[in-house]
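Chemist: A single structure is presented below for examination.
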Amino acid sequence: MPTPFLSDPDPSSLLQAAGNNQRVWMARMALAAGGEVRETDAVTWTYSPRPKGYATLAFPHFREDDAGDRVDAFLDFCRAHRPLRSVACWTEISGEPADLGARLVARGFHWGWQAHWMALDMEGKHFPIPDTPDAHIGEAPDGADWTHDAVCEGQAEVSYKRILTRESPRRVWLFTATVGNQVMGHCTLNVTDGPLGVGGIYDLGLARSLQGRKIGLAMMNLASSAARDLGCRFLTLNSINDSFYAHLGYGSLGYGQTWWMGERDGGETLTFPPPSPEAIALVEAVGRGDVAALEALDARPTPEELSAPILGRHMTLRELATEMNQPASIAWLAAQGVLPPKAN
């Protein structure tokens, strides 16, 4: 009989398990919200109408010869599901192929934050629940008030998580810290099984007024105990507070990358027309450091055009070349009259 959860992995397998749990979490939330999920062996697409419209290109592993076509197909899917306020791409590491970032930026994405993957081996560990007289720790109570400003979850988001907690077999748990009927903290456990099966921790949040009272620790230990009781050996998460999780015993698995498409005023995205093949070829060549392709351009852009933000949005060609560590592209742009940005 196969092992229901991951055990004795190498670091690469554990990183893959962390990404897989995040991918499954995105898909589960999208479906709970009445959205759509498409999966292949190379990527997962998710679309969620909740409540602002959101789509994700989740953990692509594309070949060099078709990566651009696959990104284009995803964006066609997104345009068919407008209005969208946000479109994202997530990777476990830097992405596949190596020039994925350039392909995304060429089509309207901007560089996002790095996902810090962390994991905890629970074997032999105990998770006592500290006494928390200031708040009740447990599964989310029915009818609780989620409107406190310190809680990141809206009522719609909570309702989708509750849908998942009622599914059978159960794979999602929602834990809270409540004061009276007011939710002041929350933490979600998402369990995957099979060869990459782990428990994933999501959306840990706590009101500032309750911090420093072991309430976050109590929610984490409750989630950890639940995962261990199911048979999970490992917990994974995407950290925004490295020191807190390191104190709990989590170790770093490395950094992934995100890219985003969204208007800075919170409005609808993907309202611009798709870029031309020529515009895409220019950006991708800069991102790859392909000077031969840049020299072979049919129409050489002006210095002003080469200095402008790509698609009029968030990143210039020189910034892309710097981000992707392409000194040959930086030198080529300089030879065309593109000056480095002025120091602040």
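Note on naming: chains are A, B, ... as they come in the structure tokens, residues start from 1 per chain, ligands start from 1 in the order shown.
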May I have the residues within 10 Å of segment 334-343 of chain A as a short mmCIF file (atom, residue, chain, number, x, y, z; two decimals) with N, CA, C and O atoms, in the first residue's frame, using only C-alpha atoms and disregarding those fewer than 5 positions away in the same chain?

Modeler:
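Written output follows (result19.cif):
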data_model
loop_
_atom_site.label_atom_id
_atom_site.label_comp_id
_atom_site.auth_asym_id
_atom_site.auth_seq_id
_atom_site.Cartn_x
_atom_site.Cartn_y
_atom_site.Cartn_z
N ARG A 300 14.48 49.24 -35.65
CA ARG A 300 15.18 49.56 -34.41
C ARG A 300 14.39 50.64 -33.65
O ARG A 300 14.18 51.74 -34.17
N PRO A 301 13.92 50.34 -32.44
CA PRO A 301 13.19 51.36 -31.68
C PRO A 301 14.09 52.55 -31.35
O PRO A 301 15.31 52.44 -31.29
N THR A 302 13.48 53.70 -31.12
CA THR A 302 14.22 54.89 -30.73
C THR A 302 14.67 54.77 -29.28
O THR A 302 14.14 53.96 -28.51
N PRO A 303 15.65 55.57 -28.86
CA PRO A 303 16.04 55.56 -27.44
C PRO A 303 14.87 55.84 -26.51
O PRO A 303 14.79 55.26 -25.42
N GLU A 304 13.97 56.73 -26.92
CA GLU A 304 12.81 57.04 -26.10
C GLU A 304 11.91 55.82 -25.95
O GLU A 304 11.41 55.53 -24.85
N GLU A 305 11.71 55.09 -27.05
CA GLU A 305 10.88 53.89 -27.00
C GLU A 305 11.54 52.80 -26.15
O GLU A 305 10.87 52.10 -25.40
N LEU A 306 12.86 52.67 -26.28
CA LEU A 306 13.58 51.66 -25.50
C LEU A 306 13.63 52.01 -24.01
O LEU A 306 13.82 51.12 -23.18
N SER A 307 13.46 53.28 -23.67
CA SER A 307 13.52 53.72 -22.28
C SER A 307 12.16 53.70 -21.60
O SER A 307 12.09 53.80 -20.37
N ALA A 308 11.10 53.59 -22.38
CA ALA A 308 9.74 53.67 -21.83
C ALA A 308 9.38 52.39 -21.08
O ALA A 308 9.91 51.31 -21.39
N LEU A 317 12.94 48.16 -20.03
CA LEU A 317 13.83 47.13 -20.57
C LEU A 317 15.13 47.05 -19.77
O LEU A 317 15.64 45.96 -19.51
N ARG A 318 15.67 48.21 -19.36
CA ARG A 318 16.90 48.18 -18.59
C ARG A 318 16.67 47.53 -17.23
O ARG A 318 17.52 46.76 -16.75
N GLU A 319 15.55 47.80 -16.61
CA GLU A 319 15.23 47.16 -15.33
C GLU A 319 15.08 45.66 -15.50
O GLU A 319 15.51 44.88 -14.64
N ALA A 328 24.95 41.86 -21.13
CA ALA A 328 25.04 42.11 -22.57
C ALA A 328 23.86 42.95 -23.05
O ALA A 328 24.03 43.83 -23.90
N SER A 329 22.69 42.72 -22.49
CA SER A 329 21.53 43.52 -22.86
C SER A 329 21.67 44.95 -22.34
O SER A 329 21.28 45.91 -23.02
#

Chemist: As a PyMOL selection string, please: all residues of segment 98-157 of chain A that backbone DSSP puts in strand (DSSP E or B).

Modeler: chain A and resi 110-111+116-121+136-139+145

Chemist: For Glu92 of chain A, please output as a PyMOL selection string all residues within 12 Å (counting only C-alpha atoms; exclusion window: fewer than 3 positions along the same chain).

Modeler: chain A and resi 12-23+58-61+89+95-96+114-118+237-238+253-258

Chemist: Which is closest to Gly267 of chain A among A:Lys52, A:Arg103, A:Arg38, A:Arg79, if we use only C-alpha atoms?

Modeler: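 Closest to Gly267 of chain A of all the choices is A:Lys52.
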
Chemist: With a distance cut-off of 9 Å and only C-alpha atoms, select the neighbouring residues of Thr132 of chain A, excluding the residue or stretch itself and same-chain residues fewer than 3 positions from it, and output the selection as a VMD selection string.

Modeler: chain A and resid 129 135 to 137 213 to 215 218

Chemist: What are the DSSP alpha helix (DSSP H) residues of segment 136-252 of chain A, as a VMD selection string?

Modeler: chain A and resid 155 to 165 215 to 230 242 to 247

Chemist: Let's have the selection written as a short mmCIF file (atom, residue, chain, number, x, y, z; two decimals), in the first residue's frame, with C-alpha atoms.

Modeler:
data_model
loop_
_atom_site.label_atom_id
_atom_site.label_comp_id
_atom_site.auth_asym_id
_atom_site.auth_seq_id
_atom_site.Cartn_x
_atom_site.Cartn_y
_atom_site.Cartn_z
CA GLN A 155 -17.04 37.27 4.68
CA ALA A 156 -16.88 35.90 1.13
CA GLU A 157 -13.43 34.41 1.66
CA VAL A 158 -14.54 32.80 4.90
CA SER A 159 -17.62 31.31 3.25
CA TYR A 160 -15.45 29.59 0.64
CA LYS A 161 -13.18 28.16 3.31
CA ARG A 162 -16.24 26.89 5.19
CA ILE A 163 -17.37 25.10 2.04
CA LEU A 164 -14.01 23.32 1.96
CA THR A 165 -14.17 22.37 5.65
CA ILE A 215 -2.13 33.24 20.60
CA GLY A 216 -0.42 32.85 17.22
CA LEU A 217 1.57 29.95 18.67
CA ALA A 218 -1.64 28.36 19.96
CA MET A 219 -3.30 28.50 16.52
CA MET A 220 -0.17 27.12 14.84
CA ASN A 221 0.15 24.28 17.35
CA LEU A 222 -3.51 23.41 16.94
CA ALA A 223 -3.07 23.23 13.16
CA SER A 224 0.14 21.22 13.59
CA SER A 225 -1.54 18.72 15.91
CA ALA A 226 -4.42 18.29 13.47
CA ALA A 227 -2.01 17.60 10.60
CA ARG A 228 0.06 15.16 12.63
CA ASP A 229 -3.07 13.30 13.79
CA LEU A 230 -3.96 12.78 10.12
CA ASP A 242 10.74 34.30 8.80
CA SER A 243 11.83 34.83 12.40
CA PHE A 244 8.49 33.68 13.86
CA TYR A 245 8.46 30.46 11.86
CA ALA A 246 12.16 29.80 12.43
CA HIS A 247 11.47 30.04 16.17
#

Chemist: Measuring between only C-alpha atoms, which one of A:Arg63, A:Arg264, A:His314, A:Arg28 shows the shortest distance to Glu167 of chain A?

Modeler: A:Arg28

Chemist: In Å, with one decimal, what is the gap from atom CA of Glu284 of chain A to atom CA of Ala106 of chain A?

Modeler: 6.5 Å

Chemist: When you count only C-alpha atoms, which of these residues is closest to Gly251 of chain A: A:Ser48, A:Ala119, A:Ala55, A:Val172?

Modeler: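 The shortest atom-to-atom distance to Gly251 of chain A comes from A:Ala119.
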
Chemist: Provide the atom CA of Pro275 of chain A to atom CA of His110 of chain A distance in Å, to one decimal place.

Modeler: 14.6 Å

Chemist: Would you mind listing what lies within 6 Å of segment 195-208 of chain A as a PyMOL selection string, with only C-alpha atoms counted and same-chain residues fewer than 6 positions away left out?

Modeler: chain A and resi 5-6+17+150+184-189+227+232+234-237

Chemist: Report, in Å with one decimal, the straight-line distance from atom CA of Val286 of chain A to atom CA of Gly101 of chain A.

Modeler: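 Computing the Euclidean distance for atom CA of Val286 of chain A and atom CA of Gly101 of chain A yields 11.2 Å.
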
Chemist: Which residue out of A:Thr46, A:Ser252, A:Gln211, A:Ser276 has the minimum interatomic distance to Asp72 of chain A when only C-alpha atoms are used?

Modeler: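 Looking at the shortest contact to Asp72 of chain A, the residue is A:Ser276.
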
Chemist: So, with only C-alpha atoms as the atoms that count, which of A:Arg107, A:Met29, A:Cys78, A:Gly53 lies closest to Pro277 of chain A?

Modeler: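 Once distances to Pro277 of chain A are computed over only C-alpha atoms, the minimum belongs to A:Arg107.
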
Chemist: Would you please work out which residue, of A:Ala42, A:Leu84, A:Leu282, A:Ile310, is nearest to Pro97 of chain A when using only C-alpha atoms?

Modeler: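 Among the listed residues, the smallest separation from Pro97 of chain A belongs to A:Ala42.
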
Chemist: Which polymer residues have any atom within 10 Å of an atom of Arg82 of chain A, counting only C-alpha atoms, with same-chain residues fewer than 5 positions away left out, as a list in words?

Modeler: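 Near neighbours after the sequence-gap exclusion: Pro49, Gly53, Tyr54, Ala55, Phe77, Glu268, Thr269, Leu270 and Thr271 of chain A.
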
Chemist: When you look at Gly108 of chain A with a cut-off of 8 Å (counting only C-alpha atoms), what residues show up, excluding the ones that are within fewer than 4 positions of it in the same chain? I need them as number ranges by chain.

Modeler: A: 104, 261, 310-311, 313
